[in-house]
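Raw my_file21.cif, mmCIF, C-alpha atoms:
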data_coords
loop_
_atom_site.label_atom_id
_atom_site.label_comp_id
_atom_site.auth_asym_id
_atom_site.auth_seq_id
_atom_site.Cartn_x
_atom_site.Cartn_y
_atom_site.Cartn_z
CA MET A 49 111.71 113.00 118.08
CA GLU A 50 112.58 115.39 115.27
CA LEU A 51 109.90 117.86 114.23
CA ASP A 52 109.84 119.87 111.00
CA ARG A 53 109.01 123.55 110.63
CA ASN A 54 105.30 122.73 110.63
CA GLY A 55 105.52 120.71 113.83
CA LEU A 56 105.19 117.35 112.07
CA GLU A 57 107.24 114.36 113.19
CA VAL A 58 110.05 113.62 110.75
CA LEU A 59 110.40 109.93 109.90
CA ASP A 60 113.84 108.52 109.19
CA ARG A 61 114.67 106.55 106.03
CA ALA A 62 114.33 103.14 107.70
CA GLU A 63 110.90 103.97 109.09
CA CYS A 64 109.81 105.43 105.74
CA LEU A 65 110.82 102.27 103.86
CA ARG A 66 109.15 100.08 106.49
CA LEU A 67 105.86 101.93 105.95
CA VAL A 68 106.25 101.82 102.16
CA ALA A 69 107.02 98.09 102.24
CA ALA A 70 103.67 97.45 103.93
CA SER A 71 101.75 99.35 101.23
CA THR A 72 100.64 98.41 97.72
CA LEU A 73 99.17 101.65 96.32
CA GLY A 74 101.16 104.81 95.61
CA ARG A 75 100.95 107.91 93.44
CA LEU A 76 103.43 108.66 90.69
CA ALA A 77 104.05 112.12 89.23
CA LEU A 78 105.00 112.24 85.57
CA SER A 79 104.96 114.54 82.59
CA SER A 80 102.52 113.86 79.77
CA GLY A 81 102.75 116.14 76.77
CA ALA A 82 104.86 118.55 78.87
CA LEU A 83 102.12 118.79 81.49
CA PRO A 84 102.43 117.38 85.00
CA LEU A 85 100.10 114.58 86.03
CA ILE A 86 99.68 112.33 89.07
CA LEU A 87 98.46 108.75 88.65
CA PRO A 88 97.73 106.08 91.25
CA VAL A 89 99.80 102.93 90.72
CA ASN A 90 100.16 99.53 92.31
CA PHE A 91 103.70 98.86 93.41
CA LEU A 92 105.89 96.86 95.66
CA LEU A 93 109.14 97.61 97.40
CA ASP A 94 111.91 95.20 96.42
CA ARG A 95 114.91 95.83 98.62
CA ASP A 96 115.29 99.59 98.18
CA ARG A 97 113.55 99.86 94.79
CA ILE A 98 109.96 100.78 93.98
CA ILE A 99 108.71 98.32 91.35
CA VAL A 100 105.81 99.23 89.06
CA ARG A 101 104.56 97.59 85.91
CA THR A 102 103.49 99.53 82.83
CA SER A 103 101.65 98.65 79.66
CA PRO A 104 103.77 99.00 76.52
CA GLY A 105 102.93 102.24 74.72
CA SER A 106 100.99 103.72 77.62
CA LYS A 107 101.31 107.26 78.93
CA LEU A 108 102.96 105.88 82.04
CA ASP A 109 105.37 103.76 80.03
CA ALA A 110 106.50 106.69 77.89
CA ALA A 111 106.87 109.06 80.80
CA VAL A 112 108.76 107.13 83.41
CA ALA A 113 111.60 105.41 81.58
CA ASN A 114 114.91 107.08 82.45
CA ALA A 115 113.21 110.04 84.10
CA VAL A 116 113.59 111.44 87.58
CA VAL A 117 110.16 110.90 89.08
CA ALA A 118 108.30 111.58 92.28
CA PHE A 119 106.46 108.81 94.09
CA GLU A 120 104.32 109.13 97.19
CA VAL A 121 102.67 106.73 99.59
CA ASP A 122 100.46 107.71 102.48
CA ASP A 123 97.85 106.47 104.88
CA ILE A 124 95.92 109.46 106.16
CA ASP A 125 92.55 109.41 107.84
CA ALA A 126 90.54 112.17 106.15
CA LEU A 127 88.40 112.81 109.20
CA SER A 128 91.02 112.91 111.96
CA HIS A 129 93.86 114.00 109.64
CA SER A 130 96.17 111.56 111.38
CA GLY A 131 98.48 109.20 109.56
CA TRP A 132 101.73 109.34 107.62
CA SER A 133 103.12 110.30 104.26
CA VAL A 134 106.36 109.29 102.52
CA SER A 135 107.71 111.10 99.44
CA ILE A 136 110.35 109.50 97.25
CA THR A 137 112.33 111.02 94.39
CA GLY A 138 114.40 108.73 92.23
CA LEU A 139 115.40 107.61 88.78
CA ALA A 140 112.99 105.32 86.93
CA ARG A 141 114.58 102.72 84.67
CA GLU A 142 113.14 99.79 82.80
CA VAL A 143 114.34 96.46 84.18
CA THR A 144 115.69 94.42 81.26
CA ASP A 145 118.21 92.08 82.86
CA PRO A 146 116.63 88.61 82.45
CA ALA A 147 117.63 87.42 85.92
CA ASP A 148 116.23 90.58 87.49
CA VAL A 149 113.00 90.34 85.46
CA ALA A 150 112.58 86.75 86.64
CA HIS A 151 113.28 87.77 90.23
CA ILE A 152 110.60 90.47 90.05
CA ALA A 153 108.09 88.21 88.30
CA ALA A 154 108.25 85.90 91.31
CA LEU A 155 107.38 88.66 93.77
CA PRO A 156 103.90 88.50 95.28
CA LEU A 157 102.21 91.54 93.77
CA ALA A 158 98.54 90.95 93.09
CA HIS A 159 96.62 92.59 90.26
CA TRP A 160 99.48 92.52 87.81
CA SER A 161 97.37 91.56 84.88
CA HIS A 162 99.73 92.75 82.16
CA ALA A 163 101.94 89.76 81.61
CA ASP A 164 103.52 91.59 78.69
CA GLY A 165 104.10 94.78 80.65
CA HIS A 166 107.36 96.53 81.19
CA VAL A 167 108.87 96.45 84.64
CA ILE A 168 110.07 99.79 85.95
CA ALA A 169 112.31 100.16 88.97
CA ILE A 170 112.48 103.51 90.76
CA SER A 171 115.50 104.17 92.95
CA THR A 172 114.88 105.57 96.40
CA ASP A 173 117.61 108.19 96.34
CA LEU A 174 115.64 110.80 98.23
CA VAL A 175 113.18 109.62 100.88
CA SER A 176 111.35 111.88 103.29
CA GLY A 177 108.44 111.15 105.56
CA ARG A 178 106.17 112.83 108.04
CA ARG A 179 103.71 111.60 110.60
CA LEU A 180 100.56 113.67 111.00
CA LEU A 181 98.85 113.69 114.35
CA ALA A 182 95.14 114.07 114.87
CA ALA A 183 93.95 117.45 116.07
CA GLY A 184 93.87 117.45 119.84
CA GLN A 185 96.44 114.66 120.08
CA THR A 186 99.55 115.82 121.87
CA ARG A 187 102.85 115.17 120.18
CA SER A 188 104.42 113.77 123.29
CA ALA A 189 101.75 111.07 123.39
CA SER A 190 102.83 109.51 120.09
CA MET B 138 79.87 103.88 79.48
CA GLU B 139 83.20 104.96 78.01
CA LEU B 140 86.19 102.72 78.73
CA ASP B 141 89.83 103.67 78.30
CA ARG B 142 92.57 101.53 76.74
CA ASN B 143 93.04 99.71 80.04
CA GLY B 144 89.35 98.88 80.37
CA LEU B 145 88.73 101.46 83.11
CA GLU B 146 85.52 103.50 83.14
CA VAL B 147 86.18 107.10 82.06
CA LEU B 148 84.48 109.68 84.28
CA ASP B 149 83.27 112.93 82.73
CA ARG B 150 84.23 116.35 84.10
CA ALA B 151 80.99 116.82 86.06
CA GLU B 152 81.36 113.46 87.78
CA CYS B 153 85.05 114.16 88.50
CA LEU B 154 84.27 117.51 90.12
CA ARG B 155 81.41 115.98 92.11
CA LEU B 156 83.82 113.39 93.56
CA VAL B 157 86.49 116.01 94.23
CA ALA B 158 83.97 118.31 95.94
CA ALA B 159 83.18 115.56 98.44
CA SER B 160 86.88 115.10 99.35
CA THR B 161 89.23 117.08 101.59
CA LEU B 162 92.63 115.42 101.01
CA GLY B 163 94.55 115.49 97.74
CA ARG B 164 98.12 115.15 96.49
CA LEU B 165 99.98 117.96 94.81
CA ALA B 166 103.02 117.51 92.56
CA LEU B 167 105.59 120.28 92.64
CA SER B 168 109.23 120.95 91.97
CA SER B 169 111.56 121.55 94.86
CA GLY B 170 115.15 122.38 94.01
CA ALA B 171 114.49 121.18 90.43
CA LEU B 172 113.37 117.77 91.71
CA PRO B 173 109.81 116.49 91.52
CA LEU B 174 107.94 115.87 94.77
CA ILE B 175 104.41 114.85 95.76
CA LEU B 176 102.88 116.18 98.97
CA PRO B 177 99.50 115.45 100.55
CA VAL B 178 97.44 118.63 101.07
CA ASN B 179 94.11 119.57 102.53
CA PHE B 180 91.94 121.36 100.01
CA LEU B 181 88.44 122.32 99.09
CA LEU B 182 86.73 122.83 95.77
CA ASP B 183 85.28 126.33 95.43
CA ARG B 184 83.21 126.44 92.25
CA ASP B 185 85.72 125.06 89.76
CA ARG B 186 88.90 125.97 91.68
CA ILE B 187 91.01 123.85 94.01
CA ILE B 188 91.83 125.94 97.09
CA VAL B 189 94.88 125.14 99.23
CA ARG B 190 96.59 127.15 101.92
CA THR B 191 100.35 127.44 102.26
CA SER B 192 102.70 128.73 104.92
CA PRO B 193 104.71 131.77 103.85
CA GLY B 194 108.23 130.73 102.89
CA SER B 195 107.46 127.02 102.75
CA LYS B 196 108.53 124.64 100.03
CA LEU B 197 104.92 124.41 98.92
CA ASP B 198 104.52 128.18 98.89
CA ALA B 199 107.60 128.71 96.74
CA ALA B 200 106.74 125.97 94.31
CA VAL B 201 103.11 126.45 93.48
CA ALA B 202 102.69 130.17 92.84
CA ASN B 203 102.18 130.80 89.11
CA ALA B 204 103.18 127.27 88.19
CA VAL B 205 101.33 124.65 86.20
CA VAL B 206 100.77 121.91 88.76
CA ALA B 207 99.27 118.45 88.98
CA PHE B 208 96.72 117.63 91.64
CA GLU B 209 95.15 114.25 92.32
CA VAL B 210 92.32 112.97 94.48
CA ASP B 211 91.32 109.36 94.85
CA ASP B 212 89.47 106.92 97.01
CA ILE B 213 90.84 103.47 96.31
CA ASP B 214 90.45 100.41 98.48
CA ALA B 215 93.90 98.86 98.65
CA LEU B 216 92.57 95.34 99.17
CA SER B 217 89.89 95.16 96.49
CA HIS B 218 91.53 97.76 94.23
CA SER B 219 88.13 99.32 93.60
CA GLY B 220 87.47 103.03 93.76
CA TRP B 221 88.12 106.13 91.71
CA SER B 222 90.86 108.58 90.84
CA VAL B 223 90.70 112.12 89.45
CA SER B 224 93.75 113.93 88.04
CA ILE B 225 93.73 117.69 87.55
CA THR B 226 96.28 119.88 85.81
CA GLY B 227 95.96 123.63 86.18
CA LEU B 228 97.62 126.92 86.93
CA ALA B 229 98.25 127.75 90.58
CA ARG B 230 97.95 131.41 91.53
CA GLU B 231 97.96 133.18 94.86
CA VAL B 232 94.60 134.70 95.69
CA THR B 233 95.17 138.35 96.61
CA ASP B 234 91.89 140.07 95.78
CA PRO B 235 90.50 141.10 99.21
CA ALA B 236 86.92 140.15 98.37
CA ASP B 237 88.04 136.76 97.12
CA VAL B 238 90.27 136.19 100.17
CA ALA B 239 87.31 137.00 102.43
CA HIS B 240 85.05 134.68 100.43
CA ILE B 241 87.53 131.82 100.81
CA ALA B 242 88.14 132.53 104.51
CA ALA B 243 84.44 131.92 105.12
CA LEU B 244 84.50 128.47 103.49
CA PRO B 245 84.21 125.50 105.84
CA LEU B 246 87.64 123.91 105.58
CA ALA B 247 88.77 122.37 108.84
CA HIS B 248 92.40 122.12 109.94
CA TRP B 249 93.43 125.41 108.42
CA SER B 250 95.64 126.40 111.27
CA HIS B 251 97.77 128.93 109.40
CA ALA B 252 95.76 132.13 109.73
CA ASP B 253 98.65 133.97 108.11
CA GLY B 254 98.97 131.52 105.24
CA HIS B 255 98.74 132.29 101.58
CA VAL B 256 95.69 131.13 99.69
CA ILE B 257 96.43 129.37 96.41
CA ALA B 258 93.78 128.68 93.79
CA ILE B 259 94.43 125.98 91.18
CA SER B 260 92.38 126.14 88.01
CA THR B 261 90.80 122.92 86.79
CA ASP B 262 91.72 123.29 83.14
CA LEU B 263 92.40 119.62 82.57
CA VAL B 264 90.34 117.09 84.51
CA SER B 265 90.37 113.36 83.92
CA GLY B 266 89.00 110.57 86.03
CA ARG B 267 88.75 106.82 86.11
CA ARG B 268 86.72 104.37 88.11
CA LEU B 269 88.51 101.16 89.10
CA LEU B 270 86.47 98.04 89.57
CA ALA B 271 87.28 95.31 92.00
CA ALA B 272 88.75 92.13 90.55
CA GLY B 273 85.94 89.77 89.70
CA GLN B 274 83.38 92.56 89.44
CA THR B 275 81.96 92.70 85.94
CA ARG B 276 81.98 96.05 84.24
CA SER B 277 78.38 95.74 83.16
CA ALA B 278 77.34 95.41 86.79
CA SER B 279 78.55 98.87 87.75
#
Rewritten as structure tokens:
Amino acid sequence: MELDRNGLEVLDRAECLRLVAASTLGRLALSSGALPLILPVNFLLDRDRIIVRTSPGSKLDAAVANAVVAFEVDDIDALSHSGWSVSITGLAREVTDPADVAHIAALPLAHWSHADGHVIAISTDLVSGRRLLAAGQTRSAS
Amino acid sequence: MELDRNGLEVLDRAECLRLVAASTLGRLALSSGALPLILPVNFLLDRDRIIVRTSPGSKLDAAVANAVVAFEVDDIDALSHSGWSVSITGLAREVTDPADVAHIAALPLAHWSHADGHVIAISTDLVSGRRLLAAGQTRSAS
């Protein structure tokens, strides 16, 4: 098992994407009026792309198209501080190809109420993940 | 109750800080090698400052000192999609004043294992929050 400089277990790309694929809520960092901002977003992983939907004209819509963005997914227990975190950096592009839009529209993401929304795909060029162990839990036991 | 353009309840600053004060895990957006990244961090709210601790020489340490950063705290149920989210944008500065360092060292933040870490305070200049309601829950019922 690979550990980072802080003693956390390093997750490989395949394990990171497996954890992300099983999640539906992430956080997206963007710039709004030249200031950084983090927003929670619903998403799904389609092959190796993060898919999010935006409302036309929204802050999110303006910020993410054709920008390099950061996306993060985690599942951390606040009391025990155990869990995992995956950070992704990639290029966000609007999906406009009709066949691709239709493919994405058929994916089972709940709570996509904006039928007129733009579909944004974020590439997963850089993926890094860590597993956090609860205090008192030995690393060799995981 | 104020609603935003997406129909979400807008939380005022006092309510945002009350929710943040009751939390211990947030996400911090930073730049690492000119690329954006989001990392989960333990924190506490001390008056109107977000306090985080960094390891000397770490990615986090290099990125947050004297930078305008984004910080986010939420508690969202992934199944019902109900909960809240608070986004903060502020200036991150290392705390070096001895009296202030001693004050912060006495605060009850668990899991601060790095006794030699730097203490970073993030101002809460811009605070915005939203409450998300579960699907099917009427807004007037909240």
- Resolved residues for the PyMOL selection byres ((chain A and resi 166) around 12) as a PyMOL selection string: chain A and resi 99-106+108-110+112-113+140-145+149+152-153+160-165+167-169
- Item | Output of the PyMOL selection byres ((chain A) within 7 of (chain B)), listed as an MDAnalysis selection string | chainID A and resid 72:73 77 84:86 117:120 126 135 137
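Taking atom CA of Arg150 of chain B as the reference point, atom CA of Met138 of chain B is found at 14.0 Å.
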Draw an axis-aligned box tight on the listed atoms of segment 132-137 of chain A, then pad every side by 6 Å and write out centre and edge lengths in Å to one decimal as AutoDock Vina command-line options.
--center_x 107.0 --center_y 110.2 --center_z 101.0 --size_x 22.6 --size_y 13.8 --size_z 25.2
- Item | Picked residues, the PyMOL selection byres ((chain B and resi 182) around 9), as a ChimeraX atom specification | /B:154,157-161,180-181,183-188
- Atomic distance atom CA of Val89 of chain A - atom CA of Leu180 of chain A, expressed in Å with one decimal: 23.0 Å
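Residues in contact with Leu145 of chain B at 8 Å, where only C-alpha atoms are counted and same-chain residues fewer than 5 positions away are skipped, are listed as Leu140, Arg267, Arg268, Leu269 and Leu270 of chain B.
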Hey, can you spit out that residue selection with C-alpha atoms as a PDB file, in the coordinates of the input?
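Output saved as part.pdb:
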ATOM      1  CA  LEU B 140      86.190 102.720  78.730  1.00  0.00           C
ATOM      2  CA  ARG B 267      88.750 106.820  86.110  1.00  0.00           C
ATOM      3  CA  ARG B 268      86.720 104.370  88.110  1.00  0.00           C
ATOM      4  CA  LEU B 269      88.510 101.160  89.100  1.00  0.00           C
ATOM      5  CA  LEU B 270      86.470  98.040  89.570  1.00  0.00           C
TER       6      LEU B 270
END
- Message: What's the separation between atom CA of Ala154 of chain A and atom CA of Ala111 of chain A, in Å to one decimal place?
- Response: 25.5 Å
Please rebuild segment 91-112 of chain A with N, CA and C atoms and give the result as a short mmCIF file (atom, residue, chain, number, x, y, z; two decimals), in the coordinates of the input.
data_model
loop_
_atom_site.label_atom_id
_atom_site.label_comp_id
_atom_site.auth_asym_id
_atom_site.auth_seq_id
_atom_site.Cartn_x
_atom_site.Cartn_y
_atom_site.Cartn_z
N PHE A 91 102.24 99.00 93.38
CA PHE A 91 103.70 98.86 93.41
C PHE A 91 104.07 97.86 94.49
N LEU A 92 105.33 97.52 94.48
CA LEU A 92 105.89 96.86 95.66
C LEU A 92 107.31 97.35 95.85
N LEU A 93 107.77 97.24 97.08
CA LEU A 93 109.14 97.61 97.40
C LEU A 93 109.98 96.34 97.37
N ASP A 94 111.00 96.34 96.51
CA ASP A 94 111.91 95.20 96.42
C ASP A 94 113.28 95.70 96.85
N ARG A 95 113.73 95.25 97.98
CA ARG A 95 114.91 95.83 98.62
C ARG A 95 114.69 97.34 98.75
N ASP A 96 115.50 98.15 98.07
CA ASP A 96 115.29 99.59 98.18
C ASP A 96 114.78 100.19 96.87
N ARG A 97 114.09 99.38 96.06
CA ARG A 97 113.55 99.86 94.79
C ARG A 97 112.03 99.80 94.82
N ILE A 98 111.40 100.82 94.23
CA ILE A 98 109.96 100.78 93.98
C ILE A 98 109.77 100.10 92.63
N ILE A 99 108.97 99.04 92.60
CA ILE A 99 108.71 98.32 91.35
C ILE A 99 107.28 98.59 90.89
N VAL A 100 107.14 99.08 89.65
CA VAL A 100 105.81 99.23 89.06
C VAL A 100 105.83 98.58 87.68
N ARG A 101 104.65 98.21 87.22
CA ARG A 101 104.56 97.59 85.91
C ARG A 101 103.77 98.53 85.00
N THR A 102 104.19 98.65 83.78
CA THR A 102 103.49 99.53 82.83
C THR A 102 103.09 98.74 81.59
N SER A 103 102.05 99.24 80.93
CA SER A 103 101.65 98.65 79.66
C SER A 103 102.48 99.27 78.54
N PRO A 104 102.98 98.45 77.63
CA PRO A 104 103.77 99.00 76.52
C PRO A 104 102.96 100.06 75.76
N GLY A 105 103.59 101.19 75.50
CA GLY A 105 102.93 102.24 74.72
C GLY A 105 102.03 103.16 75.53
N SER A 106 101.89 102.89 76.82
CA SER A 106 100.99 103.72 77.62
C SER A 106 101.67 105.04 77.99
N LYS A 107 100.85 105.97 78.46
CA LYS A 107 101.31 107.26 78.93
C LYS A 107 102.36 107.07 80.02
N LEU A 108 102.06 106.16 80.93
CA LEU A 108 102.96 105.88 82.04
C LEU A 108 104.29 105.34 81.52
N ASP A 109 104.18 104.41 80.58
CA ASP A 109 105.37 103.76 80.03
C ASP A 109 106.29 104.79 79.39
N ALA A 110 105.70 105.69 78.60
CA ALA A 110 106.50 106.69 77.89
C ALA A 110 107.14 107.68 78.86
N ALA A 111 106.44 107.96 79.94
CA ALA A 111 106.87 109.06 80.80
C ALA A 111 107.94 108.67 81.81
N VAL A 112 107.92 107.43 82.27
CA VAL A 112 108.76 107.13 83.41
C VAL A 112 110.14 106.55 83.08
#
